[in-house]
file entry05.cif (mmCIF, C-alpha atoms and all ligand atoms)
data_query
#
loop_
_atom_site.group_PDB
_atom_site.id
_atom_site.type_symbol
_atom_site.label_atom_id
_atom_site.label_comp_id
_atom_site.auth_asym_id
_atom_site.auth_seq_id
_atom_site.Cartn_x
_atom_site.Cartn_y
_atom_site.Cartn_z
ATOM 1 C CA MET A 1 6.374 28.883 87.960
ATOM 2 C CA ALA A 2 5.257 26.278 90.485
ATOM 3 C CA PRO A 3 2.338 27.238 92.722
ATOM 4 C CA LEU A 4 3.112 28.088 96.312
ATOM 5 C CA LEU A 5 2.575 24.933 98.333
ATOM 6 C CA PRO A 6 1.080 24.930 101.834
ATOM 7 C CA SER A 7 3.582 24.233 104.568
ATOM 8 C CA TYR A 8 3.383 21.469 107.145
ATOM 9 C CA ASP A 9 3.022 24.074 109.924
ATOM 10 C CA MET A 10 0.138 25.740 108.055
ATOM 11 C CA ILE A 11 -1.767 22.454 107.791
ATOM 12 C CA VAL A 12 -1.118 21.517 111.426
ATOM 13 C CA GLY A 13 -2.288 24.981 112.468
ATOM 14 C CA LEU A 14 -5.536 24.555 110.551
ATOM 15 C CA ILE A 15 -6.158 21.142 112.148
ATOM 16 C CA LEU A 16 -5.505 22.531 115.647
ATOM 17 C CA GLU A 17 -7.958 25.346 114.904
ATOM 18 C CA GLY A 18 -10.594 22.804 113.825
ATOM 19 C CA GLU A 19 -10.416 23.908 110.170
ATOM 20 C CA THR A 20 -10.228 20.338 108.922
ATOM 21 C CA VAL A 21 -11.902 21.032 105.574
ATOM 22 C CA LYS A 22 -9.269 23.678 104.720
ATOM 23 C CA ALA A 23 -6.538 21.336 105.975
ATOM 24 C CA GLN A 24 -7.873 18.560 103.715
ATOM 25 C CA GLU A 25 -7.854 20.939 100.727
ATOM 26 C CA HIS A 26 -4.215 21.782 101.394
ATOM 27 C CA ILE A 27 -3.324 18.113 101.790
ATOM 28 C CA LYS A 28 -5.085 17.429 98.481
ATOM 29 C CA SER A 29 -3.079 20.190 96.779
ATOM 30 C CA LEU A 30 0.136 18.714 98.209
ATOM 31 C CA ARG A 31 -0.831 15.288 96.867
ATOM 32 C CA GLU A 32 -1.552 16.739 93.422
ATOM 33 C CA ALA A 33 1.783 18.549 93.448
ATOM 34 C CA ALA A 34 3.566 15.328 94.432
ATOM 35 C CA LEU A 35 1.883 13.452 91.558
ATOM 36 C CA ALA A 36 2.827 16.216 89.106
ATOM 37 C CA LEU A 37 6.448 16.073 90.301
ATOM 38 C CA ASP A 38 6.411 12.285 89.976
ATOM 39 C CA MET A 39 5.250 12.579 86.359
ATOM 40 C CA GLU A 40 7.842 15.275 85.630
ATOM 41 C CA SER A 41 10.536 13.101 87.208
ATOM 42 C CA ALA A 42 9.552 10.125 85.021
ATOM 43 C CA ALA A 43 9.628 12.314 81.896
ATOM 44 C CA LEU A 44 13.061 13.695 82.827
ATOM 45 C CA LYS A 45 14.401 10.197 83.514
ATOM 46 C CA ALA A 46 13.202 9.087 80.075
ATOM 47 C CA GLN A 47 14.842 12.154 78.528
ATOM 48 C CA VAL A 48 18.138 11.448 80.321
ATOM 49 C CA LYS A 49 18.046 7.808 79.169
ATOM 50 C CA SER A 50 17.416 8.892 75.586
ATOM 51 C CA LEU A 51 20.300 11.369 75.717
ATOM 52 C CA GLU A 52 22.597 8.744 77.252
ATOM 53 C CA GLN A 53 21.725 6.373 74.411
ATOM 54 C CA LYS A 54 22.499 9.102 71.863
ATOM 55 C CA VAL A 55 25.863 9.801 73.514
ATOM 56 C CA GLU A 56 26.708 6.087 73.562
ATOM 57 C CA LEU A 57 25.729 5.766 69.904
ATOM 58 C CA ARG A 58 27.837 8.800 69.018
ATOM 59 C CA GLN A 59 30.827 7.300 70.842
ATOM 60 C CA ARG A 60 30.458 4.058 68.869
ATOM 61 C CA LEU A 61 30.157 5.800 65.486
ATOM 62 C CA HIS A 62 33.130 6.682 63.408
ATOM 63 C CA MET A 63 33.523 8.128 59.935
ATOM 64 C CA GLU A 64 35.522 6.072 57.522
ATOM 65 C CA GLY A 65 35.516 6.414 53.776
ATOM 66 C CA GLY A 66 32.943 9.174 53.916
ATOM 67 C CA VAL A 67 30.289 7.049 55.657
ATOM 68 C CA TYR A 68 29.503 6.132 59.269
ATOM 69 C CA TRP A 69 30.367 2.792 60.784
ATOM 70 C CA LEU A 70 29.187 1.483 64.132
ATOM 71 C CA ARG A 71 31.565 -0.337 66.468
ATOM 72 C CA LEU A 72 29.843 -3.178 68.330
ATOM 73 C CA GLY A 73 32.152 -5.327 70.365
ATOM 74 C CA GLY A 74 35.070 -6.069 68.112
ATOM 75 C CA SER A 75 33.193 -5.743 64.862
ATOM 76 C CA ARG A 76 32.247 -2.929 62.535
ATOM 77 C CA ASN A 77 28.666 -2.597 61.318
ATOM 78 C CA GLY A 78 27.285 -0.474 58.559
ATOM 79 C CA PRO A 79 27.817 1.655 56.697
ATOM 80 C CA PHE A 80 25.209 4.229 57.728
ATOM 81 C CA CYS A 81 24.107 7.386 55.954
ATOM 82 C CA PRO A 82 25.908 10.522 57.207
ATOM 83 C CA GLN A 83 23.207 12.850 55.905
ATOM 84 C CA CYS A 84 20.355 11.047 57.689
ATOM 85 C CA TYR A 85 22.343 10.774 60.935
ATOM 86 C CA GLU A 86 23.522 14.381 60.971
ATOM 87 C CA SER A 87 20.164 15.866 59.988
ATOM 88 C CA GLY A 88 17.963 13.926 62.397
ATOM 89 C CA GLY A 89 19.886 11.229 64.234
ATOM 90 C CA LYS A 90 18.481 8.477 62.024
ATOM 91 C CA MET A 91 20.637 5.418 61.558
ATOM 92 C CA VAL A 92 19.933 4.350 57.984
ATOM 93 C CA ARG A 93 21.991 1.502 56.631
ATOM 94 C CA LEU A 94 23.341 2.165 53.160
ATOM 95 C CA ASP A 95 22.911 -0.253 50.292
ATOM 96 C CA SER A 96 25.828 -1.068 48.092
ATOM 97 C CA ILE A 97 25.415 -0.703 44.392
ATOM 98 C CA PRO A 98 27.122 -3.635 42.702
ATOM 99 C CA SER A 99 30.695 -2.839 42.009
ATOM 100 C CA LYS A 100 31.859 -2.549 38.493
ATOM 101 C CA ASP A 101 35.277 -3.553 37.474
ATOM 102 C CA LEU A 102 37.327 -0.798 36.029
ATOM 103 C CA PRO A 103 40.487 -1.127 34.012
ATOM 104 C CA GLY A 104 43.533 -1.744 36.133
ATOM 105 C CA ALA A 105 41.700 -3.920 38.697
ATOM 106 C CA PHE A 106 40.157 -0.934 40.500
ATOM 107 C CA HIS A 107 36.767 -1.504 41.953
ATOM 108 C CA CYS A 108 34.218 1.241 42.145
ATOM 109 C CA LEU A 109 31.613 0.873 44.869
ATOM 110 C CA THR A 110 28.809 3.275 45.640
ATOM 111 C CA TRP A 111 26.761 3.396 48.830
ATOM 112 C CA LYS A 112 23.173 4.521 48.359
ATOM 113 C CA CYS A 113 20.650 5.658 50.986
ATOM 114 C CA LYS A 114 17.074 4.457 50.445
ATOM 115 C CA ARG A 115 15.714 7.185 52.694
ATOM 116 C CA CYS A 116 17.345 10.416 51.487
ATOM 117 C CA LYS A 117 18.654 9.072 48.179
ATOM 118 C CA ALA A 118 22.172 10.345 48.886
ATOM 119 C CA SER A 119 24.992 8.339 47.394
ATOM 120 C CA TYR A 120 28.585 8.046 48.552
ATOM 121 C CA GLU A 121 31.534 6.801 46.623
ATOM 122 C CA ALA A 122 33.460 4.228 48.577
ATOM 123 C CA ILE A 123 37.086 5.127 48.937
HETATM 124 ZN ZN ZN B 1 20.217 9.095 54.057
#
call {"tool": "encode", "arguments": {"input": "entry05.cif", "output": "structure tokens"}}
result
Amino acid sequence: MAPLLPSYDMIVGLILEGETVKAQEHIKSLREAALALDMESAALKAQVKSLEQKVELRQRLHMEGGVYWLRLGGSRNGPFCPQCYESGGKMVRLDSIPSKDLPGAFHCLTWKCKRCKASYEAI
């Protein structure tokens, strides 16, 4: 809970009564409160910016083939690890394990995460 701040009228009253030292103390406490609010405001602005960036990232991500892809302009970037993103918001690009040709011209491709070691079969 924020401390009770002295009012303008209280400070003016002290000055008119010649209690300038008390008035100065109250002005000092107002200044300290203003600085604390300024710091809190800066922290909240940084938090809002961070959340806005997370929302924008989330709007650009889409799941396709069991992995995340990021839309940037008209192109698709990635893929990114679903497990790392969903467990901590980390965008970890997946490595592709060289495809191996299977009978019937099917290609099997596996995406592997260096960070969490998860692997995803490309569909
Ligand atoms: Zn991962």
call {"tool": "residues_around", "arguments": {"input": "entry05.cif", "residues": "A:Gln24", "least_positions_apart": "5", "cutoff": "12 Å", "atoms": "only C-alpha atoms", "output": "PyMOL selection string"}}
result
chain A and resi 6+10-12+14-15+18-19+29-31
call {"tool": "atom_distance", "arguments": {"input": "entry05.cif", "atom1": "atom CA of A:Glu64", "atom2": "atom CA of A:Ala122"}}
result
9.4 Å
call {"tool": "closest_atom_pairs", "arguments": {"input": "entry05.cif", "of": "chain A", "to": "ligand ZN 1 (chain B)", "cutoff": "6 Å", "atoms": "all atoms listed in the file", "output": "JSON lines"}}
result
{"residue": "A:Cys81", "atom": "CA", "partner": "B:ZN1", "partner_atom": "ZN", "distance": 4.7}
{"residue": "A:Gln83", "atom": "CA", "partner": "B:ZN1", "partner_atom": "ZN", "distance": 5.1}
{"residue": "A:Cys84", "atom": "CA", "partner": "B:ZN1", "partner_atom": "ZN", "distance": 4.1}
{"residue": "A:Cys113", "atom": "CA", "partner": "B:ZN1", "partner_atom": "ZN", "distance": 4.6}
{"residue": "A:Arg115", "atom": "CA", "partner": "B:ZN1", "partner_atom": "ZN", "distance": 5.1}
{"residue": "A:Cys116", "atom": "CA", "partner": "B:ZN1", "partner_atom": "ZN", "distance": 4.1}
{"residue": "A:Ala118", "atom": "CA", "partner": "B:ZN1", "partner_atom": "ZN", "distance": 5.7}
call {"tool": "resolve_selection", "arguments": {"input": "entry05.cif", "expression": "the PyMOL selection byres (((chain A and resi 91) around 12) and not hetatm)", "output": "PyMOL selection string"}}
result
chain A and resi 54+57-58+61+67-70+77-90+92-94+113-116
call {"tool": "atom_distance", "arguments": {"input": "entry05.cif", "atom1": "atom CA of A:Thr110", "atom2": "atom CA of A:Leu72"}}
result
23.6 Å
